[in-house]
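Printed here is input_14.cif (mmCIF, C-alpha atoms):
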data_entry
loop_
_atom_site.label_atom_id
_atom_site.label_comp_id
_atom_site.auth_asym_id
_atom_site.auth_seq_id
_atom_site.Cartn_x
_atom_site.Cartn_y
_atom_site.Cartn_z
CA MET A 1 34.89 41.56 8.94
CA GLY A 2 34.65 39.91 5.51
CA LEU A 3 35.68 36.55 6.93
CA PHE A 4 33.00 36.82 9.64
CA VAL A 5 30.23 37.46 7.09
CA SER A 6 31.39 34.53 4.98
CA GLU A 7 31.28 32.15 7.93
CA ALA A 8 27.83 33.43 8.95
CA ASN A 9 26.46 32.86 5.45
CA GLN A 10 27.94 29.36 5.34
CA PHE A 11 26.34 28.57 8.72
CA SER A 12 22.90 29.87 7.67
CA GLN A 13 22.87 27.68 4.57
CA SER A 14 23.12 24.50 6.69
CA THR A 15 20.68 25.62 9.38
CA TRP A 16 17.19 24.11 9.54
CA SER A 17 14.13 25.77 10.96
CA VAL A 18 12.42 23.94 13.78
CA SER A 19 9.42 23.23 11.53
CA GLU A 20 11.63 21.80 8.79
CA LEU A 21 13.52 19.55 11.18
CA THR A 22 10.36 18.31 12.89
CA ALA A 23 8.63 17.62 9.57
CA TYR A 24 11.69 15.67 8.42
CA ILE A 25 11.70 13.58 11.59
CA ARG A 26 7.99 12.83 11.11
CA GLU A 27 8.73 11.64 7.56
CA MET A 28 11.44 9.36 8.89
CA PHE A 29 8.90 7.75 11.23
CA ALA A 30 6.45 7.32 8.33
CA ILE A 31 9.07 5.67 6.11
CA ASP A 32 9.88 3.01 8.72
CA TYR A 33 7.08 0.45 8.16
CA ARG A 34 7.91 -1.24 11.45
CA LEU A 35 6.69 1.83 13.29
CA GLN A 36 3.40 1.98 11.37
CA ASP A 37 1.94 -1.10 13.03
CA VAL A 38 3.25 -1.56 16.57
CA THR A 39 1.71 -2.97 19.74
CA VAL A 40 2.93 -1.48 23.01
CA GLY A 41 2.13 -2.75 26.50
CA GLY A 42 2.23 -0.50 29.53
CA GLU A 43 0.32 1.28 32.29
CA ILE A 44 -1.96 4.24 31.56
CA SER A 45 -1.20 7.55 33.26
CA ASN A 46 -2.28 11.18 32.68
CA PHE A 47 -5.48 9.91 31.03
CA THR A 48 -7.67 12.65 29.53
CA ARG A 49 -10.81 12.52 27.37
CA ALA A 50 -11.07 15.80 25.44
CA ARG A 51 -14.38 17.48 24.67
CA SER A 52 -13.89 16.37 21.07
CA GLY A 53 -13.97 12.73 22.20
CA HIS A 54 -10.26 12.12 21.54
CA LEU A 55 -8.26 10.30 24.21
CA TYR A 56 -4.84 11.48 25.43
CA PHE A 57 -2.74 9.41 27.80
CA THR A 58 0.76 8.17 28.56
CA LEU A 59 1.91 4.54 28.51
CA LYS A 60 4.70 3.84 30.96
CA ASP A 61 6.69 1.03 32.47
CA ALA A 62 9.49 0.98 35.01
CA GLY A 63 12.02 2.45 32.61
CA ALA A 64 10.30 4.77 30.12
CA GLN A 65 7.06 6.34 28.91
CA ILE A 66 5.46 7.39 25.62
CA LYS A 67 2.62 9.82 24.89
CA CYS A 68 -0.41 8.34 23.14
CA VAL A 69 -3.40 9.71 21.21
CA MET A 70 -6.57 7.84 20.25
CA TRP A 71 -8.98 9.70 17.98
CA ARG A 72 -12.70 9.60 18.73
CA SER A 73 -13.48 7.28 15.79
CA ALA A 74 -11.24 4.63 17.35
CA ALA A 75 -12.27 5.38 20.95
CA GLU A 76 -15.93 4.74 20.09
CA ARG A 77 -15.06 1.16 19.17
CA LEU A 78 -13.63 0.34 22.62
CA PHE A 79 -15.48 -2.39 24.54
CA PHE A 80 -14.19 -1.12 27.90
CA GLU A 81 -13.55 2.21 29.59
CA PRO A 82 -9.80 2.80 30.02
CA GLY A 83 -8.65 4.61 33.13
CA GLU A 84 -5.69 5.75 35.18
CA GLY A 85 -3.40 2.88 36.15
CA ASP A 86 -4.89 0.30 33.74
CA ALA A 87 -2.47 -2.19 32.18
CA VAL A 88 -3.25 -2.24 28.46
CA LEU A 89 -1.99 -3.22 25.03
CA ALA A 90 -2.13 -0.34 22.51
CA ASN A 91 -1.81 -0.93 18.76
CA GLY A 92 -1.16 1.85 16.27
CA ARG A 93 1.58 3.85 14.58
CA ILE A 94 4.39 6.12 15.73
CA SER A 95 4.55 9.69 14.43
CA VAL A 96 5.44 13.22 15.54
CA TYR A 97 3.16 15.93 16.90
CA GLU A 98 4.95 18.81 15.24
CA ALA A 99 3.47 21.62 17.32
CA GLY A 100 4.73 20.02 20.53
CA GLY A 101 7.92 18.55 19.08
CA VAL A 102 7.29 15.10 20.59
CA TYR A 103 6.89 11.66 19.10
CA GLN A 104 3.83 9.70 20.19
CA LEU A 105 1.75 6.61 19.52
CA TYR A 106 -1.44 7.16 17.52
CA ALA A 107 -3.48 4.22 18.88
CA GLU A 108 -6.11 2.51 16.72
CA ARG A 109 -6.89 -0.34 19.14
CA LEU A 110 -6.72 -0.67 22.91
CA GLN A 111 -7.37 -3.69 25.08
CA PRO A 112 -6.73 -4.72 28.67
CA ALA A 113 -3.47 -6.60 29.15
CA GLY A 114 -4.42 -10.27 29.42
CA ARG A 115 -7.96 -11.59 29.53
CA GLY A 116 -8.75 -11.02 33.19
CA ASN A 117 -11.28 -8.23 32.79
CA LEU A 118 -13.14 -9.93 29.96
CA ALA A 119 -13.19 -13.26 31.76
CA VAL A 120 -14.75 -11.63 34.82
CA ALA A 121 -17.42 -9.92 32.70
CA PHE A 122 -18.13 -13.22 30.91
CA GLU A 123 -18.60 -15.18 34.14
CA GLN A 124 -20.77 -12.48 35.72
CA LEU A 125 -23.19 -12.36 32.75
CA LYS A 126 -23.20 -16.16 32.41
CA GLN A 127 -24.15 -16.59 36.06
CA ARG A 128 -26.87 -13.94 35.91
CA LEU A 129 -28.53 -15.39 32.80
CA ALA A 130 -28.23 -18.90 34.21
CA ASP A 131 -30.01 -17.75 37.36
CA GLU A 132 -32.82 -16.38 35.18
CA GLY A 133 -33.20 -19.77 33.48
CA LEU A 134 -32.08 -18.78 29.97
CA PHE A 135 -29.87 -21.89 29.75
CA ASP A 136 -32.44 -24.42 31.03
CA PRO A 137 -32.94 -27.50 28.79
CA GLU A 138 -36.75 -27.19 28.84
CA HIS A 139 -36.46 -23.99 26.76
CA LYS A 140 -34.51 -25.72 23.95
CA LYS A 141 -36.51 -26.12 20.72
CA PRO A 142 -36.01 -29.16 18.46
CA ILE A 143 -34.18 -28.77 15.14
CA PRO A 144 -36.26 -29.73 12.04
CA LEU A 145 -34.95 -32.85 10.30
CA THR A 146 -35.65 -31.69 6.72
CA PRO A 147 -35.66 -27.90 6.57
CA HIS A 148 -36.97 -26.06 3.51
CA LYS A 149 -35.29 -22.71 4.22
CA ILE A 150 -32.48 -21.80 6.61
CA GLY A 151 -31.74 -18.26 7.75
CA ILE A 152 -28.11 -17.32 8.36
CA VAL A 153 -26.94 -14.43 10.56
CA THR A 154 -23.27 -13.64 9.84
CA SER A 155 -20.96 -11.31 7.95
CA ALA A 156 -21.63 -11.25 4.20
CA ASP A 157 -17.95 -11.37 3.30
CA ALA A 158 -16.75 -13.74 6.02
CA ALA A 159 -15.14 -17.11 5.45
CA ALA A 160 -17.70 -18.54 7.89
CA LEU A 161 -20.51 -17.86 5.43
CA ARG A 162 -18.65 -19.59 2.62
CA ASP A 163 -18.04 -22.57 4.87
CA ILE A 164 -21.72 -22.80 5.78
CA LEU A 165 -22.90 -22.54 2.17
CA ASN A 166 -20.41 -25.18 1.09
CA VAL A 167 -21.62 -27.60 3.75
CA LEU A 168 -25.29 -26.97 2.97
CA ASN A 169 -24.71 -27.48 -0.74
CA ARG A 170 -22.84 -30.69 -0.09
CA ARG A 171 -25.12 -32.20 2.53
CA TYR A 172 -28.54 -30.98 1.43
CA PRO A 173 -28.60 -29.02 -1.85
CA LEU A 174 -32.43 -28.83 -1.80
CA VAL A 175 -32.50 -26.37 1.07
CA GLU A 176 -32.99 -22.66 0.39
CA VAL A 177 -30.86 -20.08 2.14
CA LEU A 178 -31.74 -16.56 3.29
CA ILE A 179 -28.81 -14.44 4.52
CA ALA A 180 -29.20 -11.58 6.99
CA PRO A 181 -25.76 -9.86 6.76
CA THR A 182 -24.41 -8.14 9.84
CA LEU A 183 -21.22 -7.09 11.53
CA VAL A 184 -19.89 -9.84 13.79
CA GLN A 185 -17.14 -7.89 15.57
CA GLY A 186 -16.85 -4.53 17.31
CA ALA A 187 -19.09 -2.26 19.36
CA GLU A 188 -21.69 -1.88 16.58
CA ALA A 189 -22.04 -5.62 16.00
CA PRO A 190 -24.48 -6.61 18.83
CA PRO A 191 -27.42 -4.38 17.77
CA GLN A 192 -26.94 -5.43 14.14
CA ILE A 193 -26.92 -9.10 15.10
CA VAL A 194 -30.12 -8.59 17.10
CA ARG A 195 -31.86 -6.83 14.18
CA ALA A 196 -30.80 -9.51 11.70
CA LEU A 197 -31.99 -12.30 14.02
CA GLN A 198 -35.33 -10.63 14.69
CA TRP A 199 -35.87 -10.01 10.96
CA LEU A 200 -35.38 -13.69 10.14
CA ASP A 201 -37.43 -14.83 13.14
CA GLY A 202 -40.34 -12.66 12.01
CA ARG A 203 -40.68 -14.60 8.75
CA THR A 204 -43.01 -17.59 8.37
CA ASP A 205 -40.95 -19.42 5.72
CA ILE A 206 -37.90 -20.04 7.93
CA ASP A 207 -37.32 -23.43 9.58
CA THR A 208 -33.98 -22.88 11.34
CA ILE A 209 -31.67 -19.94 12.05
CA ILE A 210 -27.87 -20.25 12.13
CA VAL A 211 -25.87 -17.55 13.97
CA ALA A 212 -22.19 -17.87 13.07
CA ARG A 213 -18.77 -16.31 12.70
CA GLY A 214 -15.22 -17.62 12.28
CA GLY A 215 -12.58 -17.98 14.95
CA GLY A 216 -10.69 -15.24 16.68
CA SER A 217 -9.55 -13.91 20.02
CA ILE A 218 -11.90 -13.36 22.94
CA GLU A 219 -12.13 -9.72 21.90
CA ASP A 220 -13.05 -10.70 18.33
CA LEU A 221 -15.87 -12.96 19.60
CA TRP A 222 -17.09 -10.56 22.28
CA ALA A 223 -20.19 -9.46 20.33
CA PHE A 224 -21.61 -12.95 21.00
CA ASN A 225 -21.12 -12.44 24.74
CA ASP A 226 -23.43 -9.40 24.64
CA GLU A 227 -26.57 -9.63 26.76
CA ARG A 228 -28.75 -8.17 23.99
CA VAL A 229 -27.72 -10.94 21.59
CA ALA A 230 -28.33 -13.61 24.23
CA ARG A 231 -31.83 -12.38 25.01
CA ALA A 232 -32.71 -12.09 21.30
CA ILE A 233 -31.71 -15.74 20.77
CA PHE A 234 -33.72 -16.81 23.79
CA ALA A 235 -36.81 -14.90 22.57
CA ALA A 236 -36.67 -16.37 19.02
CA GLN A 237 -39.66 -18.49 17.95
CA HIS A 238 -37.57 -20.52 15.51
CA PRO A 239 -34.80 -22.87 16.65
CA VAL A 240 -31.38 -21.23 16.68
CA ILE A 241 -28.04 -22.98 16.11
CA THR A 242 -24.83 -21.13 16.98
CA GLY A 243 -21.49 -21.81 15.32
CA VAL A 244 -19.12 -19.21 16.71
CA GLY A 245 -15.34 -19.49 16.64
CA HIS A 246 -13.37 -22.69 16.96
CA GLU A 247 -14.15 -25.89 18.80
CA THR A 248 -12.69 -24.62 22.07
CA ASP A 249 -14.51 -21.28 21.96
CA PHE A 250 -17.61 -20.85 24.09
CA THR A 251 -19.78 -17.73 24.15
CA ILE A 252 -22.90 -16.69 26.03
CA ALA A 253 -24.84 -17.11 22.79
CA ASP A 254 -23.85 -20.80 22.71
CA PHE A 255 -25.41 -21.41 26.14
CA VAL A 256 -28.71 -19.72 25.18
CA ALA A 257 -29.03 -21.30 21.70
CA ASP A 258 -31.11 -24.40 21.07
CA ARG A 259 -28.02 -26.17 19.74
CA ARG A 260 -24.36 -25.22 19.90
CA ALA A 261 -21.99 -26.25 17.11
CA PRO A 262 -18.19 -26.07 17.56
CA THR A 263 -17.69 -24.27 14.20
CA PRO A 264 -19.81 -22.59 11.51
CA SER A 265 -19.41 -25.66 9.30
CA ALA A 266 -20.62 -27.91 12.09
CA ALA A 267 -23.66 -25.66 12.53
CA ALA A 268 -24.59 -26.29 8.90
CA GLU A 269 -24.22 -30.03 9.50
CA LEU A 270 -26.52 -29.89 12.53
CA ALA A 271 -29.12 -27.97 10.53
CA THR A 272 -29.39 -30.43 7.62
CA PRO A 273 -29.49 -34.16 6.93
CA ASP A 274 -26.66 -35.82 4.97
CA ILE A 275 -27.77 -36.78 1.45
CA GLU A 276 -24.56 -38.24 0.14
CA GLU A 277 -21.03 -38.83 1.19
CA ILE A 278 -18.37 -36.35 0.19
CA ARG A 279 -16.63 -37.36 -2.99
CA PRO A 280 -12.89 -37.55 -2.24
CA LEU A 281 -11.92 -36.11 -5.59
CA LEU A 282 -14.25 -33.14 -5.19
CA ALA A 283 -12.88 -32.53 -1.73
CA GLY A 284 -9.35 -32.56 -3.12
CA TYR A 285 -10.22 -30.03 -5.80
CA GLN A 286 -12.01 -27.88 -3.26
CA ALA A 287 -9.03 -27.91 -0.92
CA MET A 288 -6.66 -27.07 -3.79
CA LEU A 289 -8.89 -24.21 -4.94
CA GLN A 290 -9.16 -22.85 -1.42
CA SER A 291 -5.38 -23.08 -0.99
CA GLU A 292 -4.74 -21.29 -4.29
CA MET A 293 -7.32 -18.65 -3.47
CA GLN A 294 -5.78 -18.08 -0.05
CA ASP A 295 -2.33 -17.79 -1.64
CA LEU A 296 -3.71 -15.30 -4.15
CA ILE A 297 -5.46 -13.36 -1.39
CA ARG A 298 -2.28 -13.23 0.67
CA GLN A 299 -0.34 -12.05 -2.38
CA LYS A 300 -2.89 -9.32 -3.12
CA GLN A 301 -2.99 -8.33 0.55
CA TRP A 302 0.78 -7.92 0.55
CA GLN A 303 0.56 -5.77 -2.59
CA VAL A 304 -2.18 -3.65 -1.04
CA GLN A 305 -0.17 -3.19 2.17
CA THR A 306 2.85 -2.11 0.12
CA LEU A 307 0.74 0.46 -1.74
CA VAL A 308 -0.85 1.67 1.49
CA ARG A 309 2.57 2.26 3.05
CA ALA A 310 3.68 4.15 -0.06
CA LEU A 311 0.53 6.28 0.00
CA SER A 312 0.82 6.96 3.73
CA HIS A 313 4.18 8.60 3.08
CA LEU A 314 2.46 11.13 0.80
CA SER A 315 -0.75 11.36 2.83
CA PRO A 316 -1.76 14.59 4.58
CA GLN A 317 -2.76 12.45 7.55
CA GLY A 318 0.16 13.63 9.65
CA ARG A 319 -0.75 17.25 9.12
CA LEU A 320 -4.40 16.48 9.90
CA ASP A 321 -3.40 14.66 13.10
CA ASN A 322 -1.32 17.64 14.23
CA ASN A 323 -4.16 20.06 13.47
CA ARG A 324 -6.57 17.90 15.46
CA GLN A 325 -4.31 17.93 18.48
CA ARG A 326 -3.57 21.64 18.07
CA LEU A 327 -7.35 22.28 18.10
CA ASP A 328 -7.69 20.39 21.38
CA VAL A 329 -4.83 22.41 22.88
CA THR A 330 -6.45 25.66 21.69
CA LEU A 331 -9.83 24.69 23.16
CA ALA A 332 -8.20 23.93 26.49
CA ARG A 333 -6.37 27.27 26.41
CA LEU A 334 -9.65 29.10 25.63
CA ASP A 335 -11.33 27.38 28.58
CA ARG A 336 -8.57 28.50 30.92
CA ALA A 337 -8.68 32.07 29.53
CA MET A 338 -12.45 32.32 29.96
CA ASN A 339 -12.26 31.02 33.52
CA HIS A 340 -9.50 33.56 34.31
CA ARG A 341 -11.52 36.40 32.77
CA LEU A 342 -14.62 35.34 34.73
CA ALA A 343 -12.64 35.33 37.98
CA GLN A 344 -11.32 38.85 37.20
CA GLU A 345 -14.83 40.22 36.50
CA GLN A 346 -16.16 38.60 39.68
CA GLY A 347 -13.38 40.33 41.63
CA ARG A 348 -14.24 43.69 40.06
CA LEU A 349 -17.91 43.15 40.90
CA ALA A 350 -17.04 42.41 44.52
CA VAL A 351 -14.99 45.64 44.72
CA ALA A 352 -17.87 47.64 43.21
CA VAL A 353 -20.36 46.16 45.66
CA ALA A 354 -18.07 47.02 48.56
CA GLY A 355 -17.74 50.61 47.29
CA LEU A 356 -21.50 51.02 46.88
CA THR A 357 -22.07 49.58 50.33
CA ALA A 358 -19.67 52.13 51.83
CA VAL A 359 -21.61 55.11 50.43
CA SER A 360 -25.06 53.61 50.86
CA PRO A 361 -27.47 55.61 53.05
CA LEU A 362 -28.37 52.36 54.75
CA ALA A 363 -24.95 52.35 56.39
CA THR A 364 -25.66 55.83 57.79
CA LEU A 365 -29.07 54.75 59.06
CA SER A 366 -27.52 51.82 60.89
CA ARG A 367 -25.49 54.25 62.98
CA GLY A 368 -28.67 55.87 64.46
CA TYR A 369 -29.58 58.45 61.83
CA ALA A 370 -32.97 58.70 60.11
CA ILE A 371 -34.39 60.05 56.83
CA VAL A 372 -37.54 62.23 57.16
CA ARG A 373 -39.87 62.73 54.19
CA LEU A 374 -43.16 64.54 53.68
CA ARG A 375 -45.77 61.86 53.47
CA GLU A 376 -47.79 63.54 50.75
CA ASN A 377 -44.97 63.86 48.17
CA GLY A 378 -42.01 61.96 49.59
CA ARG A 379 -39.78 65.07 49.67
CA VAL A 380 -36.81 64.82 52.06
CA VAL A 381 -37.01 67.29 54.96
CA ARG A 382 -33.71 69.07 55.27
CA SER A 383 -34.89 72.15 57.28
CA ILE A 384 -37.66 73.07 59.73
CA SER A 385 -38.82 75.51 57.12
CA HIS A 386 -39.90 72.59 54.97
CA VAL A 387 -42.66 71.56 57.43
CA ALA A 388 -45.61 73.16 59.15
CA SER A 389 -47.69 72.25 62.14
CA GLY A 390 -49.90 69.28 61.41
CA ASP A 391 -47.83 67.90 58.45
CA SER A 392 -47.65 64.11 58.21
CA LEU A 393 -44.12 62.77 57.94
CA THR A 394 -42.50 59.38 57.25
CA VAL A 395 -39.37 58.54 59.22
CA GLN A 396 -37.08 55.84 57.75
CA VAL A 397 -34.60 54.12 60.05
CA SER A 398 -32.21 51.21 59.46
CA ASP A 399 -34.81 48.46 59.93
CA GLY A 400 -38.01 50.09 58.62
CA GLN A 401 -40.11 53.24 58.68
CA PHE A 402 -42.99 54.82 60.68
CA ASP A 403 -45.31 57.86 60.38
CA VAL A 404 -45.38 60.96 62.66
CA ARG A 405 -47.24 64.26 62.68
CA VAL A 406 -45.68 67.70 63.32
CA GLY A 407 -46.84 69.46 66.51
CA ASP A 408 -45.45 72.89 67.38
#
Kindly return the structure encoded in the file as structure tokens.
Amino acid sequence: MGLFVSEANQFSQSTWSVSELTAYIREMFAIDYRLQDVTVGGEISNFTRARSGHLYFTLKDAGAQIKCVMWRSAAERLFFEPGEGDAVLANGRISVYEAGGVYQLYAERLQPAGRGNLAVAFEQLKQRLADEGLFDPEHKKPIPLTPHKIGIVTSADAAALRDILNVLNRRYPLVEVLIAPTLVQGAEAPPQIVRALQWLDGRTDIDTIIVARGGGSIEDLWAFNDERVARAIFAAQHPVITGVGHETDFTIADFVADRRAPTPSAAAELATPDIEEIRPLLAGYQAMLQSEMQDLIRQKQWQVQTLVRALSHLSPQGRLDNNRQRLDVTLARLDRAMNHRLAQEQGRLAVAVAGLTAVSPLATLSRGYAIVRLRENGRVVRSISHVASGDSLTVQVSDGQFDVRVGD
């Protein structure tokens, strides 16, 4: 007996609870930096949008599948509506949903696999606006040769803005610049671009407007393929020059603009005359400074990423993620419970109605019986002693009632 107790105690000291083991596994996922920024391609199945706005789905291929979660804050930035069977690329991090004991991908970004869907949308909008005449040459306004003030619509902290300002300062330092900062990427970018453009266009001291952003993927540039942005450019009273992306990038905004430049820097060149040639030495210093600054930025970015990974290990984010998902599961369970309770009460009501119908006097009347009442007070006549000659009576049958008078 003593040996048995000893072995039991030894076993209990090395036994983990399920919560402890699951939490440890989640920490192992968090420590592996390679799993904190992964992109997974697959086909969507079991797609669900919870009442909270969070998305739950499974990514699968021919050999395996993985559960995925996208919180509402990330889902609101999607430029398309994902659905069952869609082939997508999901970017995010791998962690563990402790309450369910499963590992899953917490997606921050989601895009269709390939560019097919975006290309179709691009061509459809391009054709429709072309049919309306928004691209016709007769609508193009001339660009002033010597502008006094140029308005710029772009991101305030983007490299594109620095490129534009550098070109303007080099080519035509006399020109004034007015910046209307805006987002240039994501679902919230198009309305901000429209507001910034309309604000500049409403001024009387602006000669030319430049709409610009740096290069990127078709998804990064998609705000400039938005119909609202295209129509705002077409409606502008001042000439508009677009410089979006790289030389090979074309957007709907480029076709509507009065002039299209291949890059933001080229847009600045189109907007101003050239006062002097670039000094080679100054260009060399500028390139060296830019290279050193980029090196410094990359170094600082690496340091920041290292600190972020270290902080994520200590962050309560995992617990918060699990609580979010647990809340969705609880809400779903409550919905099912309420529906079950409602069905039960409806069944009880049906039974009660059937019971009342069985004892209802109407059922008796339908079999040929009648209810006789004194007309003056409505009293039910149960005996001949209750009536006298000449009394007025009301006789109720199954489908109505009629009056009679007592004879003998």
Within 10 Å of range 310-325 of chain A using only C-alpha atoms, minus same-chain residues under 2 positions, as an mmCIF file with C-alpha atoms, in the coordinates of the input:
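Result written to out_19.cif:
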data_model
loop_
_atom_site.group_PDB
_atom_site.id
_atom_site.type_symbol
_atom_site.label_atom_id
_atom_site.label_comp_id
_atom_site.auth_asym_id
_atom_site.auth_seq_id
_atom_site.Cartn_x
_atom_site.Cartn_y
_atom_site.Cartn_z
ATOM 1 C CA ALA A 23 8.630 17.620 9.570
ATOM 2 C CA ARG A 26 7.990 12.830 11.110
ATOM 3 C CA GLU A 27 8.730 11.640 7.560
ATOM 4 C CA MET A 28 11.440 9.360 8.890
ATOM 5 C CA PHE A 29 8.900 7.750 11.230
ATOM 6 C CA ALA A 30 6.450 7.320 8.330
ATOM 7 C CA ILE A 31 9.070 5.670 6.110
ATOM 8 C CA ASP A 32 9.880 3.010 8.720
ATOM 9 C CA TYR A 33 7.080 0.450 8.160
ATOM 10 C CA GLN A 36 3.400 1.980 11.370
ATOM 11 C CA ALA A 50 -11.070 15.800 25.440
ATOM 12 C CA SER A 52 -13.890 16.370 21.070
ATOM 13 C CA HIS A 54 -10.260 12.120 21.540
ATOM 14 C CA TYR A 56 -4.840 11.480 25.430
ATOM 15 C CA VAL A 69 -3.400 9.710 21.210
ATOM 16 C CA TRP A 71 -8.980 9.700 17.980
ATOM 17 C CA SER A 95 4.550 9.690 14.430
ATOM 18 C CA VAL A 96 5.440 13.220 15.540
ATOM 19 C CA TYR A 97 3.160 15.930 16.900
ATOM 20 C CA GLU A 98 4.950 18.810 15.240
ATOM 21 C CA ALA A 99 3.470 21.620 17.320
ATOM 22 C CA GLY A 100 4.730 20.020 20.530
ATOM 23 C CA TYR A 106 -1.440 7.160 17.520
ATOM 24 C CA VAL A 304 -2.180 -3.650 -1.040
ATOM 25 C CA GLN A 305 -0.170 -3.190 2.170
ATOM 26 C CA THR A 306 2.850 -2.110 0.120
ATOM 27 C CA LEU A 307 0.740 0.460 -1.740
ATOM 28 C CA VAL A 308 -0.850 1.670 1.490
ATOM 29 C CA LEU A 327 -7.350 22.280 18.100
ATOM 30 C CA ASP A 328 -7.690 20.390 21.380
ATOM 31 C CA VAL A 329 -4.830 22.410 22.880
ATOM 32 C CA THR A 330 -6.450 25.660 21.690
ATOM 33 C CA LEU A 331 -9.830 24.690 23.160
#
- Task: Output the residue selection produced by the PyMOL selection byres ((chain A and resi 224) around 10) on the file above, formatted as a PyMOL selection string.
- Result: chain A and resi 184-185+189-190+193+211-213+218+220-223+225-230+242+244+250-254
- Message: Going by the chain IDs and residue numbers used in this file, which residues fall under the PyMOL selection byres ((chain A and resi 258) around 9)? Write them as JSON, numbers by chain.
- Response: {"A": [137, 139, 140, 141, 142, 143, 233, 234, 239, 240, 241, 242, 254, 255, 256, 257, 259, 260]}
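From CA of Asn91 in chain A back to CA of Cys68 in chain A, the distance works out to 10.3 Å.
What the PyMOL selection byres ((chain A and resi 58-65) around 10) matches in the given file is Val40, Gly41, Gly42, Glu43, Ile44, Ser45, Asn46, Phe47, Thr48, Tyr56, Phe57, Ile66, Lys67, Cys68, Val69, Glu84, Gly85, Asp86, Ala87, Val88, Leu89, Ala90, Gln104 and Leu105 of chain A.
Closest approach to Asp249 in chain A from the set A:Pro264, A:Gly92, A:Gly215, A:Leu200 is made by A:Gly215, with distances taken over all atoms listed in the file.
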- Note on the structure: With distances taken over all atoms listed in the file, the candidate from A:Ala283, A:Ile179, A:Leu393, A:Leu55 nearest Arg162 in chain A is A:Ile179
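When all atoms listed in the file are used to compute distances to Val153 in chain A, the closest of the residues A:Ser392, A:Gln198, A:Thr182, A:Thr204 turns out to be A:Thr182.
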- Query: Using only C-alpha atoms, which of the listed residues (A:Glu219, A:Asp163, A:Asp391, A:Asp201) sits closest to Ala266 in chain A?
  - Reply: A:Asp163
- Between CA of Glu108 in chain A and CA of Ile94 in chain A, what is the distance, to one decimal in Å? 11.1 Å
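With CA of Ser291 in chain A on one side and CA of Pro181 in chain A on the other, the separation reads 25.5 Å.
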- Message: Calculated over all atoms listed in the file, which of the candidates A:Ala236, A:Met70, A:Arg231, A:Asp207 has the smallest distance to Leu129 in chain A?
- Response: A:Arg231
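When all atoms listed in the file are used to compute distances to Ala107 in chain A, the closest of the residues A:Ile206, A:Ala130, A:Ala261, A:Leu78 turns out to be A:Leu78.
Taking only C-alpha atoms, the non-local environment of range 166-170 of chain A within 10 Å (same-chain residues fewer than 5 positions away omitted) comprises Ile150, Ala160, Leu161, Val175, Glu176, Val177, Pro264, Ser265, Ala266, Ala267, Ala268, Glu269, Ala271, Thr272, Pro273, Asp274, Ile275, Glu276, Glu277, Ile278, Arg279 and Gln286 of chain A.
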As JSON, please: the centre and edge lengths in Å, to one decimal, of an axis-aligned box enclosing every listed atom of range 240-256 of chain A with 8 Å added on each side.
{"center_x": -22.0, "center_y": -21.3, "center_z": 20.7, "size_x": 34.7, "size_y": 25.2, "size_z": 26.8}
